[in-house]
Amino acid sequence: MRLYVTGGRQKTRIFKREEEWNVYERALLLEVDPDKGTAETRLDYQSPPEACADGSPSILFKTGTLEGGKLYLCTSTEVLIYQVPEFKRAGYVSLPCFNDLHHVTPGTNGSLLAASTGLDLVVEFTAEGKVLREWNVLGEDPWRRFSKKVDYRKVLTTKPHLSHPNFVFMTGEDVWVTRFNQKDALCLTLPAKRIAIDLEKPHDGQPFNGKLYFTTVDGRVVIGDLGKLEVTEVIDLNPIDNPSGALLGWCRGLYVVDERHAWVGFTRVRKTKFKENIAWVKHAFRDTERPTHIALYDLRERRLLKEVDLEKHGLNVVFSLHPVPAR
């Protein structure tokens with residue numbers, strides 16, 4: 001099985017005080033063959049000046065969705081749609097309310113849903129860019145703290161965020177989102193529905209066979225029950241085939257192959273002034289940090305089956321993982 005992996009390439013020179021919104025120079029999508037340990041760059045992209053902040057903004061692909069032969073991708077300020085496997089562009093949307101986008105996915109009736117993380121917002125919009133619905137993920141008026149008159153694509157960062165929504169998904173007609181700071185998954189259309197993830201901060205997720213799978217940034221896979229609205233299983237990846245106790249990395253991307261196997265993405269941890277985001281790291285900055293990589297795990301037997309170092313292929317941050325469709 002080959003995988004599409006989204007992320008970005010780090011700038012050659014990085015100053016100590018630079019944060020994630022300054023660090024990455026190009027958005028990359030690799031097609032990785034884990035069996036051979038090889039990778040081919042399928043997309044190498046840079047946002048146009050009108051769609052990003054002035055100065056030195058990061059350009060990278062965040063978390064996407066593969067559905068119906070189309071790959072839905074996002075940079076921090078844009079949504080791009082590609083027909084795969086030929087990678088012919090099939091759509092593009094960039095809206096003033098897009099700031100630090102973290103995920104895009106198809107909604108219902110041809111709409112799209114995106115987590116505009118910088119505004120603590122989930123936006124539903126058409127492929128032509130018409131906004132249909134907006135949810136502040138804390139239940140507030142979406143524009144109480146922000147202004148519709150501002151083009152937030154031109155704002156480098158709005159941190160610190162109150163919620164930091166990461167991943168949007170649907171169950172039937174209902175829209176859900178993972179909330180980083182609240183450590184949960186919340187149903188935006190029926191807010192009484194919530195799954196607490198009282199471990200570490202969650203990032204990505206994937207509905208699979210009636211269950212919900214999530215990653216937490218400290219290297220765990222969390223399985224939730226949609227009917228019971230609770231976590232039913234936690235798999236800690238840190239002690240699995242890791243005798244040195246090395247820091248696996250910032251755990252984010254997830255592709256559930258089946259109920260037993262899952263690919264997980266890890267990004268090398270960088271120092272940041274936002275220490276609350278990496279409070280889980282113990283003895284993080286030492287020689288045993290792991291490079292940015294993806295790894296295949298047997299979740300049932302708690303075994304590492306395969307891994308691929310992505311840094312040697314030019315990818316320094318990884319967001320999402322998707323199976324390459326059969327040609």
# chains A, B, ... in the order shown; residues from 1 in each chain; ligands from 1
$ closest_atom_pairs --of "stretch 286-317 of chain A" --to "stretch 243-264 of chain A" --cutoff "9 Å" --atoms "only C-alpha atoms" --output "Markdown table"
| residue | atom | partner | partner_atom | distance |
| --- | --- | --- | --- | --- |
| A:Arg286 | CA | A:Ala246 | CA | 8.8 |
| A:Asp287 | CA | A:Ala246 | CA | 8.4 |
| A:Thr288 | CA | A:Ala246 | CA | 4.7 |
| A:Glu289 | CA | A:Leu247 | CA | 4.9 |
| A:Arg290 | CA | A:Leu248 | CA | 5.4 |
| A:Pro291 | CA | A:Gly249 | CA | 7.5 |
| A:Thr292 | CA | A:Gly249 | CA | 7.1 |
| A:His293 | CA | A:Gly249 | CA | 8.6 |
| A:Ile294 | CA | A:Val264 | CA | 5.6 |
| A:Ala295 | CA | A:Val264 | CA | 5.4 |
| A:Leu296 | CA | A:Trp263 | CA | 4.4 |
| A:Tyr297 | CA | A:Ala262 | CA | 5.6 |
| A:Asp298 | CA | A:His261 | CA | 4.8 |
| A:Leu299 | CA | A:Arg260 | CA | 5.3 |
| A:Arg300 | CA | A:Arg260 | CA | 5.6 |
| A:Glu301 | CA | A:Arg260 | CA | 8.4 |
| A:Glu307 | CA | A:Trp263 | CA | 8.9 |
$ residues_around --residues "A:Pro207" --least-positions-apart "2" --cutoff "10 Å" --atoms "only C-alpha atoms" --output "short mmCIF file (atom, residue, chain, number, x, y, z; two decimals) with C-alpha atoms, in the first residue's frame"
data_model
loop_
_atom_site.label_atom_id
_atom_site.label_comp_id
_atom_site.auth_asym_id
_atom_site.auth_seq_id
_atom_site.Cartn_x
_atom_site.Cartn_y
_atom_site.Cartn_z
CA PHE A 169 -15.93 15.11 10.42
CA MET A 170 -19.52 14.07 9.82
CA THR A 171 -21.67 11.29 11.25
CA GLY A 205 -9.54 11.74 13.83
CA ASN A 209 -16.75 0.99 11.22
CA GLY A 210 -18.95 2.74 13.76
CA LYS A 211 -16.04 3.82 15.95
CA LEU A 212 -14.12 7.08 16.17
CA TYR A 213 -10.32 7.02 16.17
CA PHE A 214 -8.29 10.03 17.32
CA ILE A 223 -10.92 4.93 20.24
CA GLY A 224 -14.36 6.35 20.99
CA ASP A 225 -17.86 4.90 20.89
CA LEU A 226 -20.33 7.17 19.11
CA VAL A 256 -6.97 3.57 10.02
#
$ closest_residue --among "A:Ser163, A:Asp33, A:Gly129, A:Arg153" --to "A:Ser47" --atoms "only C-alpha atoms"
A:Arg153
$ select_by_dssp --residues "stretch 41-204 of chain A" --states "strand (DSSP E or B)" --output "PDB file with C-alpha atoms, in the first residue's frame"
ATOM      1  CA  THR A  41       6.866  14.491  -4.692  1.00  0.00           C
ATOM      2  CA  ARG A  42       3.432  14.782  -6.320  1.00  0.00           C
ATOM      3  CA  LEU A  43       2.701  18.380  -5.312  1.00  0.00           C
ATOM      4  CA  ASP A  44       5.134  21.193  -4.553  1.00  0.00           C
ATOM      5  CA  TYR A  45       3.070  24.306  -3.931  1.00  0.00           C
ATOM      6  CA  THR A  63      -4.904  17.928   6.969  1.00  0.00           C
ATOM      7  CA  THR A  65      -9.589  14.381   2.968  1.00  0.00           C
ATOM      8  CA  LEU A  66      -9.610  11.791   0.192  1.00  0.00           C
ATOM      9  CA  GLU A  67     -13.108  11.009  -1.033  1.00  0.00           C
ATOM     10  CA  LYS A  70     -10.790  13.767  -5.115  1.00  0.00           C
ATOM     11  CA  LEU A  71      -8.204  14.950  -2.631  1.00  0.00           C
ATOM     12  CA  TYR A  72      -9.315  17.984  -0.619  1.00  0.00           C
ATOM     13  CA  LEU A  73      -6.289  19.885   0.699  1.00  0.00           C
ATOM     14  CA  CYS A  74      -5.786  23.083   2.657  1.00  0.00           C
ATOM     15  CA  VAL A  79      -8.703  25.054   0.010  1.00  0.00           C
ATOM     16  CA  LEU A  80      -7.464  23.167  -3.051  1.00  0.00           C
ATOM     17  CA  ILE A  81      -9.202  20.213  -4.683  1.00  0.00           C
ATOM     18  CA  TYR A  82      -7.350  17.740  -6.897  1.00  0.00           C
ATOM     19  CA  GLN A  83      -8.531  14.831  -8.987  1.00  0.00           C
ATOM     20  CA  LYS A  88      -5.444  17.768 -11.914  1.00  0.00           C
ATOM     21  CA  ARG A  89      -6.768  20.747  -9.961  1.00  0.00           C
ATOM     22  CA  ALA A  90     -10.556  20.607  -9.745  1.00  0.00           C
ATOM     23  CA  GLY A  91     -11.319  23.481  -7.358  1.00  0.00           C
ATOM     24  CA  TYR A  92      -9.946  26.376  -5.319  1.00  0.00           C
ATOM     25  CA  VAL A  93     -11.447  28.529  -2.555  1.00  0.00           C
ATOM     26  CA  LEU A 101      -6.856  26.321   8.425  1.00  0.00           C
ATOM     27  CA  HIS A 102      -6.190  22.850   9.834  1.00  0.00           C
ATOM     28  CA  HIS A 103      -8.609  20.605   7.949  1.00  0.00           C
ATOM     29  CA  VAL A 104     -11.039  20.508   5.037  1.00  0.00           C
ATOM     30  CA  THR A 105     -13.602  17.815   4.230  1.00  0.00           C
ATOM     31  CA  PRO A 106     -16.696  17.451   2.034  1.00  0.00           C
ATOM     32  CA  LEU A 112     -17.229  21.883   2.071  1.00  0.00           C
ATOM     33  CA  LEU A 113     -16.342  22.144   5.761  1.00  0.00           C
ATOM     34  CA  ALA A 114     -13.122  23.679   7.077  1.00  0.00           C
ATOM     35  CA  ALA A 115     -11.623  24.276  10.509  1.00  0.00           C
ATOM     36  CA  SER A 116     -10.490  27.911  10.522  1.00  0.00           C
ATOM     37  CA  LEU A 121     -14.392  28.622  13.701  1.00  0.00           C
ATOM     38  CA  VAL A 122     -15.824  25.852  11.527  1.00  0.00           C
ATOM     39  CA  VAL A 123     -17.110  27.137   8.187  1.00  0.00           C
ATOM     40  CA  GLU A 124     -19.431  25.433   5.709  1.00  0.00           C
ATOM     41  CA  PHE A 125     -19.195  26.864   2.190  1.00  0.00           C
ATOM     42  CA  VAL A 131     -20.495  30.808   3.066  1.00  0.00           C
ATOM     43  CA  LEU A 132     -23.461  28.691   4.172  1.00  0.00           C
ATOM     44  CA  ARG A 133     -22.965  28.241   7.929  1.00  0.00           C
ATOM     45  CA  GLU A 134     -20.462  29.259  10.598  1.00  0.00           C
ATOM     46  CA  TRP A 135     -19.939  27.794  14.055  1.00  0.00           C
ATOM     47  CA  ASN A 136     -17.780  29.249  16.784  1.00  0.00           C
ATOM     48  CA  PRO A 165     -10.290  23.321  16.484  1.00  0.00           C
ATOM     49  CA  ASN A 166      -8.323  20.777  14.468  1.00  0.00           C
ATOM     50  CA  PHE A 167     -10.394  18.193  12.642  1.00  0.00           C
ATOM     51  CA  VAL A 168     -13.924  18.238  11.203  1.00  0.00           C
ATOM     52  CA  PHE A 169     -15.933  15.110  10.421  1.00  0.00           C
ATOM     53  CA  MET A 170     -19.521  14.066   9.824  1.00  0.00           C
ATOM     54  CA  THR A 171     -21.672  11.286  11.248  1.00  0.00           C
ATOM     55  CA  ASP A 174     -24.204  15.924  11.998  1.00  0.00           C
ATOM     56  CA  VAL A 175     -20.997  17.990  12.004  1.00  0.00           C
ATOM     57  CA  TRP A 176     -18.308  17.234  14.593  1.00  0.00           C
ATOM     58  CA  VAL A 177     -14.999  18.871  15.466  1.00  0.00           C
ATOM     59  CA  THR A 178     -12.028  18.022  17.675  1.00  0.00           C
ATOM     60  CA  ARG A 179     -11.158  20.828  20.094  1.00  0.00           C
ATOM     61  CA  ASP A 184     -12.781  16.602  23.258  1.00  0.00           C
ATOM     62  CA  ALA A 185     -14.815  15.978  20.132  1.00  0.00           C
ATOM     63  CA  LEU A 186     -17.966  18.089  19.979  1.00  0.00           C
ATOM     64  CA  CYS A 187     -21.044  17.802  17.771  1.00  0.00           C
ATOM     65  CA  ARG A 194     -19.596  15.378  23.270  1.00  0.00           C
ATOM     66  CA  ILE A 195     -16.825  12.823  23.703  1.00  0.00           C
ATOM     67  CA  ALA A 196     -14.314  13.787  26.398  1.00  0.00           C
ATOM     68  CA  PRO A 202      -6.434  15.597  20.455  1.00  0.00           C
ATOM     69  CA  HIS A 203      -5.578  16.425  16.887  1.00  0.00           C
ATOM     70  CA  ASP A 204      -6.778  14.295  13.981  1.00  0.00           C
TER      71      ASP A 204
END
$ residues_around --residues "A:Leu60" --least-positions-apart "3" --cutoff "9 Å" --atoms "only C-alpha atoms" --output "MDAnalysis selection string"
chainID A and resid 6:9 24:28 45:47 74:76 317
$ write_last_selection --atoms "C-alpha atoms" --output "PDB file, in the first residue's frame"
ATOM      1  CA  THR A   6       0.791  16.030   3.322  1.00  0.00           C
ATOM      2  CA  GLY A   7       3.011  18.575   5.031  1.00  0.00           C
ATOM      3  CA  GLY A   8       5.770  21.019   4.214  1.00  0.00           C
ATOM      4  CA  ARG A   9       9.453  21.688   3.784  1.00  0.00           C
ATOM      5  CA  TYR A  24       7.861  26.264   6.380  1.00  0.00           C
ATOM      6  CA  GLU A  25       8.637  27.495   2.874  1.00  0.00           C
ATOM      7  CA  ARG A  26       6.692  25.134   0.585  1.00  0.00           C
ATOM      8  CA  ALA A  27       3.649  22.885   0.806  1.00  0.00           C
ATOM      9  CA  LEU A  28       4.477  19.317  -0.213  1.00  0.00           C
ATOM     10  CA  TYR A  45       3.070  24.306  -3.931  1.00  0.00           C
ATOM     11  CA  GLN A  46       3.485  27.897  -2.791  1.00  0.00           C
ATOM     12  CA  SER A  47       0.515  30.131  -1.957  1.00  0.00           C
ATOM     13  CA  CYS A  74      -5.786  23.083   2.657  1.00  0.00           C
ATOM     14  CA  THR A  75      -2.962  25.493   3.285  1.00  0.00           C
ATOM     15  CA  SER A  76      -3.351  27.960   6.145  1.00  0.00           C
ATOM     16  CA  VAL A 317       6.238  18.405   9.077  1.00  0.00           C
TER      17      VAL A 317
END
$ atom_distance --atom1 "atom CA of A:Lys130" --atom2 "atom CA of A:Val150"
17.1 Å
$ closest_residue --among "A:Thr126, A:Thr117, A:Thr189, A:Ser94" --to "A:Leu162" --atoms "only C-alpha atoms"
A:Thr117
$ atom_distance --atom1 "atom CA of A:Pro49" --atom2 "atom CA of A:Lys11"
17.6 Å
$ closest_residue --among "A:Met1, A:Ala39, A:Val234, A:Ile240" --to "A:Arg303" --atoms "only C-alpha atoms"
A:Ile240
$ residues_around --residues "A:Ile235" --least-positions-apart "5" --cutoff "8 Å" --atoms "only C-alpha atoms" --output "list of chain:residue names"
A:Arg220, A:Val221, A:Val222, A:Leu299, A:Arg302
$ atom_distance --atom1 "atom CA of A:Cys97" --atom2 "atom CA of A:Ser111"
16.4 Å
$ select_by_dssp --residues "stretch 67-316 of chain A" --states "helix (DSSP H, G or I)" --output "list in words"
Thr117, Gly118, Leu119, Tyr152, Arg153, Lys154, Lys275, Glu276, Asn277, Ile278, Glu311, Lys312 and His313 of chain A
